[in-house]
Amino acid sequence: MADRDTDWVRRYWDRSAGAYDSSMGLFERLMLGDGRRWIGHQAKGDVLEIAIGTGLNLPEYPLEVRLTGIDLSPQMLRRAKQRAVLLGREVDLSVGDAQKLDLADGRFDTVIFSLALCSIPDDRAAIREAKRVLRPGGKLLLMEHVRSPRRSVRVIERLVDIFTSRFQGDHMLREPLEHLRREGFFIEHLSRSSLGIIEHAVARKPGPTGGASVSSDGGG
């Protein structure tokens with residue numbers, strides 16, 4: 001079942017790749033704000049972006065980071081490669097499955113999920129793989145749309161999820177924070193915006209730097 005779901009998601013994003021950037025325009029303006037800049041400016045060292053899509057985050061990464069990007073969809077990845085060329089951005093891009101990464105243990109200083117976990121069939125497996133490829137003390141950056149803590153908003157999300165999960169593989173009610181905690185990450189920063197739908201988190205893999213207390217600015 002998992003492989004069938006993954007194949008369905010790949011085909012969906014291959015079909016949708018050409019219209020993705022334009023379809024994201026309104027959502028970006030209303031919901032994300034400077035979220036992509038927030039992601040990019042915290043990336044350090046050897047960086048992996050999982051489900052890099054068409055590469056919308058590429059302009060925000062510091063030039064000094066060593067960037068790797070994987071995506072399930074060859075068509076999305078083709079557009080990311082075009083964007084990288086236009087930006088003069090050196091990046092190692094390849095087709096890959098977030099649920100079973102073909103990457104060595106402990107290879108990266110930073111791993112990034114940016115509007116990705118909502119569409120990965122097994123989101124906990126993706127977080128587990130992110131932890132595996134992070135170095136001890138490495139940092140996971142997350143910007144996702146999630147299950148809102150506001151009951152009235154969740155009611156709407158549940159209604160929307162009936163259609164998006166079935167026809168787009170896009171899940172409205174996920175909460176990656178639960179998986180991060182189960183996998184033993186230390187949550188260093190947590191914030192929510194847009195009625196609690198958009199979540200930003202910085203989580204650190206246990207290692208030499210130890211844990212840290214969470215900072216949060218809530219969110220509404």
# chains A, B, ... in the order shown; residues from 1 in each chain; ligands from 1

call {"tool": "select_by_dssp", "arguments": {"residues": "region 99-156 of chain A", "states": "alpha helix (DSSP H)", "output": "mmCIF file with C-alpha atoms, in the first residue's frame"}}
result
data_model
loop_
_atom_site.group_PDB
_atom_site.id
_atom_site.type_symbol
_atom_site.label_atom_id
_atom_site.label_comp_id
_atom_site.auth_asym_id
_atom_site.auth_seq_id
_atom_site.Cartn_x
_atom_site.Cartn_y
_atom_site.Cartn_z
ATOM 1 C CA ASP A 123 5.423 11.583 7.286
ATOM 2 C CA ARG A 124 6.898 9.935 10.385
ATOM 3 C CA ALA A 125 9.157 7.762 8.206
ATOM 4 C CA ALA A 126 10.392 10.953 6.505
ATOM 5 C CA ILE A 127 11.232 12.539 9.857
ATOM 6 C CA ARG A 128 12.965 9.350 10.973
ATOM 7 C CA GLU A 129 15.068 9.401 7.803
ATOM 8 C CA ALA A 130 15.874 13.086 8.332
ATOM 9 C CA LYS A 131 17.145 12.226 11.797
ATOM 10 C CA ARG A 132 19.277 9.402 10.393
ATOM 11 C CA VAL A 133 21.069 11.587 7.846
ATOM 12 C CA ARG A 151 -11.089 24.160 17.147
ATOM 13 C CA SER A 152 -13.087 26.380 14.776
ATOM 14 C CA VAL A 153 -10.235 26.344 12.241
ATOM 15 C CA ARG A 154 -9.811 22.564 12.551
ATOM 16 C CA VAL A 155 -13.456 22.079 11.595
ATOM 17 C CA ILE A 156 -12.774 23.829 8.290
#

call {"tool": "residues_around", "arguments": {"residues": "region 198-203 of chain A", "least_positions_apart": "3", "cutoff": "7 Å", "atoms": "only C-alpha atoms", "output": "PDB file with C-alpha atoms, in the first residue's frame"}}
result
ATOM      1  CA  LYS A 139      19.378  20.932  13.019  1.00  0.00           C
ATOM      2  CA  LEU A 140      16.032  20.211  11.377  1.00  0.00           C
ATOM      3  CA  LEU A 141      14.121  23.233  10.046  1.00  0.00           C
ATOM      4  CA  LEU A 142      10.428  22.916   9.390  1.00  0.00           C
ATOM      5  CA  MET A 143       7.838  25.157   7.733  1.00  0.00           C
ATOM      6  CA  GLU A 144       4.559  23.309   7.218  1.00  0.00           C
ATOM      7  CA  HIS A 145       0.816  23.783   7.153  1.00  0.00           C
ATOM      8  CA  VAL A 146      -0.540  21.765  10.059  1.00  0.00           C
ATOM      9  CA  PHE A 185      14.445  15.765  18.762  1.00  0.00           C
ATOM     10  CA  PHE A 186      14.945  18.746  21.064  1.00  0.00           C
ATOM     11  CA  ILE A 187      12.514  21.499  20.016  1.00  0.00           C
ATOM     12  CA  GLU A 188      14.462  24.758  20.160  1.00  0.00           C
ATOM     13  CA  HIS A 189      11.922  27.052  18.534  1.00  0.00           C
ATOM     14  CA  LEU A 190       8.230  26.779  17.707  1.00  0.00           C
ATOM     15  CA  SER A 191       5.927  29.416  16.250  1.00  0.00           C
ATOM     16  CA  ARG A 192       2.573  29.445  14.486  1.00  0.00           C
ATOM     17  CA  SER A 193       0.852  31.972  12.286  1.00  0.00           C
ATOM     18  CA  SER A 194      -2.193  32.277  10.015  1.00  0.00           C
TER      19      SER A 194
END

call {"tool": "atom_distance", "arguments": {"atom1": "CA of Asp21 (chain A)", "atom2": "CA of Arg4 (chain A)"}}
result
26.3 Å

call {"tool": "residues_around", "arguments": {"residues": "Tyr61 (chain A)", "least_positions_apart": "3", "cutoff": "10 Å", "atoms": "only C-alpha atoms", "output": "ChimeraX atom specification"}}
result
/A:36-44,47,57-58,64-67,89

call {"tool": "residues_around", "arguments": {"residues": "Ser165 (chain A)", "least_positions_apart": "5", "cutoff": "12 Å", "atoms": "only C-alpha atoms", "output": "number ranges by chain"}}
result
A: 5, 8-9, 12, 118-121, 157-160, 170-174

call {"tool": "write_last_selection", "arguments": {"atoms": "C-alpha atoms", "output": "mmCIF file, in the first residue's frame"}}
result
data_model
loop_
_atom_site.group_PDB
_atom_site.id
_atom_site.type_symbol
_atom_site.label_atom_id
_atom_site.label_comp_id
_atom_site.auth_asym_id
_atom_site.auth_seq_id
_atom_site.Cartn_x
_atom_site.Cartn_y
_atom_site.Cartn_z
ATOM 1 C CA ASP A 5 0.556 5.652 -2.392
ATOM 2 C CA TRP A 8 0.350 8.016 -6.888
ATOM 3 C CA VAL A 9 1.934 11.065 -5.265
ATOM 4 C CA TYR A 12 0.301 13.738 -9.219
ATOM 5 C CA CYS A 118 1.719 17.308 4.176
ATOM 6 C CA SER A 119 2.129 15.292 0.959
ATOM 7 C CA ILE A 120 4.554 12.527 1.958
ATOM 8 C CA PRO A 121 2.487 9.355 2.523
ATOM 9 C CA GLU A 157 -9.516 21.920 7.834
ATOM 10 C CA ARG A 158 -11.356 18.620 8.293
ATOM 11 C CA LEU A 159 -13.849 19.545 5.590
ATOM 12 C CA VAL A 160 -11.123 20.634 3.179
ATOM 13 C CA ASP A 170 -2.342 16.873 0.608
ATOM 14 C CA HIS A 171 -3.214 16.304 4.282
ATOM 15 C CA MET A 172 -4.617 19.231 6.286
ATOM 16 C CA LEU A 173 -4.590 17.675 9.760
ATOM 17 C CA ARG A 174 -1.019 16.555 10.297
#

call {"tool": "select_by_dssp", "arguments": {"residues": "chain A", "states": "strand (DSSP E)", "output": "short mmCIF file (atom, residue, chain, number, x, y, z; two decimals) with all heavy atoms, in the first residue's frame"}}
result
data_model
loop_
_atom_site.label_atom_id
_atom_site.label_comp_id
_atom_site.auth_asym_id
_atom_site.auth_seq_id
_atom_site.Cartn_x
_atom_site.Cartn_y
_atom_site.Cartn_z
N ASP A 46 26.47 21.63 5.52
CA ASP A 46 25.93 20.70 4.52
C ASP A 46 24.43 20.62 4.73
O ASP A 46 23.96 20.18 5.80
CB ASP A 46 26.56 19.32 4.68
CG ASP A 46 28.03 19.31 4.28
OD1 ASP A 46 28.33 19.69 3.14
OD2 ASP A 46 28.87 18.94 5.13
N VAL A 47 23.67 21.03 3.72
CA VAL A 47 22.22 21.22 3.86
C VAL A 47 21.49 20.29 2.90
O VAL A 47 21.82 20.19 1.72
CB VAL A 47 21.83 22.68 3.55
CG1 VAL A 47 20.32 22.87 3.61
CG2 VAL A 47 22.53 23.64 4.52
N LEU A 48 20.46 19.62 3.42
CA LEU A 48 19.57 18.80 2.60
C LEU A 48 18.16 19.38 2.68
O LEU A 48 17.61 19.51 3.76
CB LEU A 48 19.55 17.35 3.11
CG LEU A 48 18.47 16.44 2.49
CD1 LEU A 48 18.74 16.21 1.00
CD2 LEU A 48 18.40 15.10 3.25
N GLU A 49 17.59 19.72 1.52
CA GLU A 49 16.17 20.05 1.47
C GLU A 49 15.42 18.85 0.90
O GLU A 49 15.66 18.43 -0.24
CB GLU A 49 15.87 21.30 0.65
CG GLU A 49 14.37 21.63 0.71
CD GLU A 49 13.97 22.92 0.02
OE1 GLU A 49 14.86 23.74 -0.31
OE2 GLU A 49 12.76 23.11 -0.20
N ILE A 50 14.53 18.31 1.71
CA ILE A 50 13.73 17.15 1.31
C ILE A 50 12.45 17.63 0.63
O ILE A 50 11.75 18.50 1.15
CB ILE A 50 13.40 16.29 2.54
CG1 ILE A 50 14.69 15.66 3.10
CG2 ILE A 50 12.39 15.20 2.19
CD1 ILE A 50 14.50 14.85 4.36
N ARG A 66 26.54 24.17 1.44
CA ARG A 66 26.68 23.11 0.43
C ARG A 66 25.32 22.40 0.37
O ARG A 66 24.96 21.67 1.27
CB ARG A 66 27.82 22.17 0.82
CG ARG A 66 29.17 22.87 0.84
CD ARG A 66 30.26 22.04 1.47
NE ARG A 66 30.02 21.79 2.89
CZ ARG A 66 30.31 22.66 3.86
NH1 ARG A 66 30.81 23.85 3.57
NH2 ARG A 66 30.07 22.35 5.13
N LEU A 67 24.62 22.66 -0.74
CA LEU A 67 23.19 22.34 -0.81
C LEU A 67 22.92 21.09 -1.63
O LEU A 67 23.40 20.93 -2.74
CB LEU A 67 22.45 23.54 -1.41
CG LEU A 67 20.93 23.48 -1.47
CD1 LEU A 67 20.33 23.32 -0.08
CD2 LEU A 67 20.40 24.75 -2.14
N THR A 68 22.09 20.20 -1.05
CA THR A 68 21.58 19.01 -1.72
C THR A 68 20.06 19.06 -1.67
O THR A 68 19.48 19.44 -0.64
CB THR A 68 22.07 17.73 -1.02
OG1 THR A 68 23.49 17.67 -1.05
CG2 THR A 68 21.50 16.48 -1.69
N GLY A 69 19.41 18.70 -2.76
CA GLY A 69 17.96 18.66 -2.78
C GLY A 69 17.46 17.37 -3.42
O GLY A 69 18.01 16.91 -4.42
N ILE A 70 16.45 16.76 -2.81
CA ILE A 70 15.83 15.57 -3.41
C ILE A 70 14.34 15.83 -3.58
O ILE A 70 13.74 16.61 -2.84
CB ILE A 70 16.09 14.29 -2.60
CG1 ILE A 70 15.37 14.34 -1.23
CG2 ILE A 70 17.57 14.04 -2.42
CD1 ILE A 70 14.19 13.46 -1.12
N ASP A 71 13.77 15.17 -4.57
CA ASP A 71 12.32 15.24 -4.76
C ASP A 71 11.85 13.96 -5.41
O ASP A 71 12.58 13.33 -6.20
CB ASP A 71 11.93 16.44 -5.62
CG ASP A 71 10.46 16.81 -5.43
OD1 ASP A 71 9.60 16.25 -6.13
OD2 ASP A 71 10.18 17.65 -4.55
N VAL A 91 23.96 23.35 -6.73
CA VAL A 91 23.16 22.48 -5.88
C VAL A 91 23.13 21.08 -6.47
O VAL A 91 23.03 20.92 -7.69
CB VAL A 91 21.73 23.05 -5.70
CG1 VAL A 91 21.07 23.35 -7.03
CG2 VAL A 91 20.85 22.12 -4.86
N ASP A 92 23.26 20.09 -5.63
CA ASP A 92 23.21 18.69 -6.03
C ASP A 92 21.76 18.23 -5.96
O ASP A 92 21.22 18.06 -4.86
CB ASP A 92 24.10 17.85 -5.11
CG ASP A 92 24.09 16.37 -5.47
OD1 ASP A 92 23.53 16.01 -6.52
OD2 ASP A 92 24.64 15.58 -4.67
N LEU A 93 21.11 18.04 -7.11
CA LEU A 93 19.70 17.69 -7.17
C LEU A 93 19.53 16.28 -7.70
O LEU A 93 20.16 15.90 -8.70
CB LEU A 93 18.94 18.67 -8.07
CG LEU A 93 18.87 20.12 -7.59
CD1 LEU A 93 18.34 21.01 -8.70
CD2 LEU A 93 18.00 20.23 -6.34
N SER A 94 18.67 15.50 -7.07
CA SER A 94 18.42 14.15 -7.55
C SER A 94 17.04 13.66 -7.12
O SER A 94 16.46 14.16 -6.15
CB SER A 94 19.49 13.18 -7.02
OG SER A 94 19.48 13.14 -5.61
N VAL A 95 16.52 12.70 -7.88
CA VAL A 95 15.24 12.07 -7.54
C VAL A 95 15.45 11.19 -6.32
O VAL A 95 16.41 10.43 -6.23
CB VAL A 95 14.72 11.25 -8.73
CG1 VAL A 95 13.45 10.49 -8.34
CG2 VAL A 95 14.44 12.14 -9.93
N PHE A 108 24.58 15.37 7.06
CA PHE A 108 24.18 16.77 6.94
C PHE A 108 24.16 17.50 8.28
O PHE A 108 23.85 16.92 9.32
CB PHE A 108 22.80 16.86 6.28
CG PHE A 108 22.78 16.33 4.87
CD1 PHE A 108 22.36 15.04 4.61
CD2 PHE A 108 23.21 17.13 3.82
CE1 PHE A 108 22.35 14.55 3.31
CE2 PHE A 108 23.22 16.64 2.52
CZ PHE A 108 22.79 15.35 2.26
N ASP A 109 24.45 18.80 8.19
CA ASP A 109 24.33 19.68 9.36
C ASP A 109 22.92 20.21 9.52
O ASP A 109 22.49 20.50 10.64
CB ASP A 109 25.28 20.88 9.21
CG ASP A 109 26.73 20.44 9.08
OD1 ASP A 109 27.26 19.89 10.05
OD2 ASP A 109 27.31 20.65 7.99
N THR A 110 22.21 20.37 8.41
CA THR A 110 20.85 20.92 8.41
C THR A 110 19.98 20.12 7.45
O THR A 110 20.40 19.85 6.32
CB THR A 110 20.84 22.40 7.96
OG1 THR A 110 21.82 23.14 8.69
CG2 THR A 110 19.48 23.03 8.16
N VAL A 111 18.78 19.75 7.89
CA VAL A 111 17.78 19.12 7.02
C VAL A 111 16.52 19.98 7.07
O VAL A 111 16.12 20.44 8.15
CB VAL A 111 17.47 17.68 7.43
CG1 VAL A 111 16.30 17.13 6.62
CG2 VAL A 111 18.69 16.78 7.26
N ILE A 112 15.91 20.19 5.91
CA ILE A 112 14.78 21.12 5.78
C ILE A 112 13.56 20.43 5.18
O ILE A 112 13.67 19.71 4.17
CB ILE A 112 15.19 22.32 4.91
CG1 ILE A 112 16.21 23.17 5.67
CG2 ILE A 112 13.98 23.16 4.50
CD1 ILE A 112 16.95 24.16 4.81
N PHE A 113 12.41 20.65 5.82
CA PHE A 113 11.11 20.32 5.25
C PHE A 113 10.36 21.64 5.07
O PHE A 113 10.15 22.38 6.03
CB PHE A 113 10.29 19.42 6.18
CG PHE A 113 10.79 18.01 6.30
CD1 PHE A 113 11.48 17.62 7.43
CD2 PHE A 113 10.54 17.09 5.30
CE1 PHE A 113 11.92 16.31 7.57
CE2 PHE A 113 10.98 15.78 5.42
CZ PHE A 113 11.67 15.39 6.57
N SER A 114 9.92 21.92 3.87
CA SER A 114 9.23 23.17 3.57
C SER A 114 7.99 22.85 2.74
O SER A 114 8.08 22.57 1.55
CB SER A 114 10.17 24.11 2.80
OG SER A 114 9.51 25.27 2.37
N LEU A 134 21.07 13.31 9.59
CA LEU A 134 21.63 14.44 10.32
C LEU A 134 22.82 13.99 11.17
O LEU A 134 22.81 12.90 11.75
CB LEU A 134 20.58 15.05 11.25
CG LEU A 134 19.70 16.17 10.71
CD1 LEU A 134 18.60 16.49 11.73
CD2 LEU A 134 20.51 17.42 10.38
N ARG A 135 23.81 14.87 11.27
CA ARG A 135 24.89 14.63 12.20
C ARG A 135 24.39 14.83 13.63
O ARG A 135 23.44 15.57 13.87
CB ARG A 135 26.04 15.60 11.91
CG ARG A 135 26.70 15.30 10.57
CD ARG A 135 27.77 16.29 10.20
NE ARG A 135 28.37 15.90 8.93
CZ ARG A 135 28.64 16.72 7.93
NH1 ARG A 135 28.38 18.00 8.05
NH2 ARG A 135 29.17 16.26 6.81
N PRO A 136 25.03 14.19 14.62
CA PRO A 136 24.67 14.47 16.02
C PRO A 136 24.77 15.97 16.31
O PRO A 136 25.76 16.61 15.95
CB PRO A 136 25.71 13.67 16.81
CG PRO A 136 26.09 12.55 15.89
CD PRO A 136 26.06 13.14 14.50
N GLY A 137 23.73 16.51 16.90
CA GLY A 137 23.67 17.95 17.12
C GLY A 137 23.18 18.74 15.93
O GLY A 137 23.05 19.97 16.01
N GLY A 138 22.89 18.06 14.81
CA GLY A 138 22.41 18.74 13.61
C GLY A 138 21.00 19.27 13.78
O GLY A 138 20.26 18.89 14.69
N LYS A 139 20.61 20.16 12.88
CA LYS A 139 19.38 20.93 13.02
C LYS A 139 18.38 20.59 11.93
O LYS A 139 18.73 20.51 10.75
CB LYS A 139 19.75 22.42 12.97
CG LYS A 139 18.62 23.38 13.26
CD LYS A 139 19.15 24.78 13.52
CE LYS A 139 19.95 25.35 12.37
NZ LYS A 139 20.35 26.75 12.59
N LEU A 140 17.13 20.39 12.32
CA LEU A 140 16.03 20.21 11.38
C LEU A 140 15.18 21.47 11.39
O LEU A 140 14.76 21.93 12.45
CB LEU A 140 15.19 18.99 11.76
CG LEU A 140 14.07 18.60 10.78
CD1 LEU A 140 13.85 17.09 10.80
CD2 LEU A 140 12.75 19.31 11.10
N LEU A 141 14.96 22.04 10.21
CA LEU A 141 14.12 23.23 10.05
C LEU A 141 12.82 22.82 9.36
O LEU A 141 12.84 22.09 8.38
CB LEU A 141 14.83 24.29 9.19
CG LEU A 141 16.20 24.76 9.66
CD1 LEU A 141 16.78 25.75 8.64
CD2 LEU A 141 16.11 25.41 11.03
N LEU A 142 11.73 23.33 9.88
CA LEU A 142 10.43 22.92 9.39
C LEU A 142 9.53 24.13 9.19
O LEU A 142 9.43 24.99 10.07
CB LEU A 142 9.81 21.95 10.40
CG LEU A 142 8.44 21.36 10.13
CD1 LEU A 142 8.37 19.95 10.72
CD2 LEU A 142 7.33 22.21 10.73
N MET A 143 8.91 24.20 8.01
CA MET A 143 7.84 25.16 7.73
C MET A 143 6.73 24.38 7.03
O MET A 143 6.89 23.96 5.88
CB MET A 143 8.32 26.32 6.85
CG MET A 143 7.20 27.31 6.51
SD MET A 143 7.75 28.71 5.49
CE MET A 143 8.09 27.88 3.92
N GLU A 144 5.62 24.16 7.74
CA GLU A 144 4.56 23.31 7.22
C GLU A 144 3.19 23.91 7.53
O GLU A 144 3.03 24.67 8.49
CB GLU A 144 4.63 21.91 7.86
CG GLU A 144 5.89 21.12 7.52
CD GLU A 144 5.89 20.59 6.10
OE1 GLU A 144 4.80 20.54 5.47
OE2 GLU A 144 6.97 20.24 5.60
N HIS A 145 2.18 23.51 6.73
CA HIS A 145 0.82 23.78 7.15
C HIS A 145 0.34 22.56 7.93
O HIS A 145 0.58 21.42 7.54
CB HIS A 145 -0.10 24.15 5.98
CG HIS A 145 -0.46 23.04 5.05
ND1 HIS A 145 -1.36 22.05 5.37
CD2 HIS A 145 -0.05 22.77 3.79
CE1 HIS A 145 -1.50 21.23 4.35
NE2 HIS A 145 -0.71 21.62 3.38
N PHE A 186 15.14 17.63 20.14
CA PHE A 186 14.95 18.75 21.06
C PHE A 186 14.32 19.91 20.28
O PHE A 186 14.89 20.35 19.28
CB PHE A 186 16.27 19.20 21.67
CG PHE A 186 16.94 18.15 22.52
CD1 PHE A 186 18.09 17.52 22.06
CD2 PHE A 186 16.42 17.79 23.75
CE1 PHE A 186 18.71 16.55 22.83
CE2 PHE A 186 17.05 16.83 24.53
CZ PHE A 186 18.19 16.20 24.07
N ILE A 187 13.18 20.39 20.70
CA ILE A 187 12.51 21.50 20.02
C ILE A 187 13.08 22.81 20.57
O ILE A 187 12.84 23.17 21.72
CB ILE A 187 10.99 21.45 20.21
CG1 ILE A 187 10.44 20.06 19.89
CG2 ILE A 187 10.32 22.52 19.34
CD1 ILE A 187 10.73 19.56 18.49
N GLU A 188 13.81 23.52 19.73
CA GLU A 188 14.46 24.76 20.16
C GLU A 188 13.61 26.00 19.88
O GLU A 188 13.76 27.01 20.56
CB GLU A 188 15.82 24.91 19.47
CG GLU A 188 16.81 23.83 19.87
CD GLU A 188 18.19 24.08 19.32
OE1 GLU A 188 18.32 24.83 18.34
OE2 GLU A 188 19.14 23.52 19.88
N HIS A 189 12.77 25.91 18.88
CA HIS A 189 11.92 27.05 18.53
C HIS A 189 10.64 26.52 17.92
O HIS A 189 10.66 25.57 17.14
CB HIS A 189 12.62 27.98 17.53
CG HIS A 189 11.69 29.00 16.93
ND1 HIS A 189 11.39 30.19 17.55
CD2 HIS A 189 10.98 28.99 15.77
CE1 HIS A 189 10.55 30.88 16.81
NE2 HIS A 189 10.28 30.18 15.73
N LEU A 190 9.52 27.14 18.29
CA LEU A 190 8.23 26.78 17.71
C LEU A 190 7.39 28.04 17.59
O LEU A 190 7.25 28.79 18.57
CB LEU A 190 7.51 25.76 18.59
CG LEU A 190 6.07 25.40 18.19
CD1 LEU A 190 6.05 24.70 16.84
CD2 LEU A 190 5.43 24.53 19.26
N SER A 191 6.84 28.29 16.42
CA SER A 191 5.93 29.42 16.25
C SER A 191 4.84 29.04 15.26
O SER A 191 5.04 28.17 14.40
CB SER A 191 6.67 30.67 15.78
OG SER A 191 7.23 30.47 14.49
N ARG A 192 3.69 29.67 15.39
CA ARG A 192 2.57 29.44 14.49
C ARG A 192 2.02 30.78 14.03
O ARG A 192 2.08 31.77 14.76
CB ARG A 192 1.47 28.63 15.17
CG ARG A 192 1.86 27.19 15.48
CD ARG A 192 0.67 26.40 16.01
NE ARG A 192 1.00 25.00 16.20
CZ ARG A 192 1.44 24.49 17.35
NH1 ARG A 192 1.59 25.29 18.40
NH2 ARG A 192 1.72 23.21 17.45
N SER A 193 1.47 30.77 12.84
CA SER A 193 0.85 31.97 12.29
C SER A 193 -0.35 31.56 11.46
O SER A 193 -0.65 30.37 11.32
CB SER A 193 1.86 32.76 11.43
OG SER A 193 2.32 31.96 10.35
N ILE A 198 0.05 27.64 9.91
CA ILE A 198 1.44 27.58 9.48
C ILE A 198 2.34 27.43 10.71
O ILE A 198 2.25 28.23 11.65
CB ILE A 198 1.84 28.83 8.68
CG1 ILE A 198 0.93 28.99 7.46
CG2 ILE A 198 3.31 28.74 8.26
CD1 ILE A 198 1.00 27.84 6.47
N GLU A 199 3.16 26.42 10.68
CA GLU A 199 4.05 26.12 11.81
C GLU A 199 5.51 26.20 11.38
O GLU A 199 5.89 25.66 10.34
CB GLU A 199 3.74 24.71 12.33
CG GLU A 199 4.55 24.29 13.54
CD GLU A 199 4.01 23.00 14.11
OE1 GLU A 199 3.10 23.05 14.97
OE2 GLU A 199 4.48 21.92 13.67
N HIS A 200 6.30 26.91 12.18
CA HIS A 200 7.75 26.96 12.01
C HIS A 200 8.39 26.29 13.22
O HIS A 200 8.00 26.58 14.36
CB HIS A 200 8.25 28.40 11.93
CG HIS A 200 7.72 29.17 10.76
ND1 HIS A 200 6.44 29.69 10.74
CD2 HIS A 200 8.29 29.51 9.58
CE1 HIS A 200 6.25 30.32 9.58
NE2 HIS A 200 7.35 30.22 8.86
N ALA A 201 9.35 25.44 12.98
CA ALA A 201 10.03 24.78 14.10
C ALA A 201 11.51 24.61 13.77
O ALA A 201 11.90 24.41 12.62
CB ALA A 201 9.40 23.41 14.39
N VAL A 202 12.31 24.71 14.83
CA VAL A 202 13.73 24.37 14.78
C VAL A 202 13.91 23.24 15.79
O VAL A 202 13.60 23.40 16.98
CB VAL A 202 14.62 25.55 15.14
CG1 VAL A 202 16.09 25.13 15.11
CG2 VAL A 202 14.39 26.73 14.21
N ALA A 203 14.36 22.10 15.31
CA ALA A 203 14.56 20.93 16.17
C ALA A 203 15.99 20.43 16.00
O ALA A 203 16.53 20.44 14.90
CB ALA A 203 13.57 19.83 15.80
N ARG A 204 16.57 19.98 17.10
CA ARG A 204 17.96 19.53 17.05
C ARG A 204 18.07 18.05 17.40
O ARG A 204 17.45 17.58 18.36
CB ARG A 204 18.83 20.36 17.98
CG ARG A 204 20.33 20.20 17.70
CD ARG A 204 21.16 21.20 18.47
NE ARG A 204 20.93 22.57 18.07
CZ ARG A 204 21.55 23.16 17.04
NH1 ARG A 204 22.40 22.47 16.28
NH2 ARG A 204 21.30 24.43 16.74
N SER A 215 11.56 27.83 22.55
CA SER A 215 11.03 29.19 22.50
C SER A 215 9.83 29.17 21.60
O SER A 215 9.80 28.45 20.60
CB SER A 215 12.08 30.17 21.98
OG SER A 215 12.34 29.94 20.62
N SER A 216 8.82 29.92 21.95
CA SER A 216 7.59 29.89 21.17
C SER A 216 6.94 31.25 21.18
O SER A 216 6.94 31.95 22.20
CB SER A 216 6.61 28.86 21.76
OG SER A 216 5.37 28.91 21.11
#

call {"tool": "atom_distance", "arguments": {"atom1": "CA of Gly53 (chain A)", "atom2": "CA of Met76 (chain A)"}}
result
5.1 Å

call {"tool": "closest_residue", "arguments": {"among": "A:His179, A:Leu101, A:Gln168, A:Arg147", "to": "Ser16 (chain A)", "atoms": "only C-alpha atoms"}}
result
A:Gln168

call {"tool": "atom_distance", "arguments": {"atom1": "CA of Glu175 (chain A)", "atom2": "CA of Gly25 (chain A)"}}
result
23.9 Å

call {"tool": "residues_around", "arguments": {"residues": "Arg79 (chain A)", "least_positions_apart": "2", "cutoff": "10 Å", "atoms": "only C-alpha atoms", "output": "list in words"}}
result
Ala17, Gly18, Asp21, Gly53, Thr54, Gly55, Leu56, Pro74, Gln75, Met76, Leu77, Lys81, Gln82, Arg83, Ala84 and Val85 of chain A

call {"tool": "write_last_selection", "arguments": {"atoms": "C-alpha atoms", "output": "tab-separated table (two decimals), in the first residue's frame"}}
result
chain	number	residue	atom	x	y	z
A	17	ALA	CA	4.74	20.61	-11.87
A	18	GLY	CA	4.14	23.08	-14.71
A	21	ASP	CA	4.66	28.08	-9.02
A	53	GLY	CA	9.92	20.82	-5.49
A	54	THR	CA	10.56	23.52	-8.07
A	55	GLY	CA	13.23	25.11	-5.88
A	56	LEU	CA	11.29	28.08	-4.55
A	74	PRO	CA	11.30	14.18	-11.84
A	75	GLN	CA	9.20	16.96	-13.38
A	76	MET	CA	9.32	19.12	-10.26
A	77	LEU	CA	13.05	18.49	-10.04
A	81	LYS	CA	17.38	22.55	-11.93
A	82	GLN	CA	16.28	25.31	-14.31
A	83	ARG	CA	15.86	27.71	-11.39
A	84	ALA	CA	19.30	26.80	-10.02
A	85	VAL	CA	20.89	27.55	-13.41
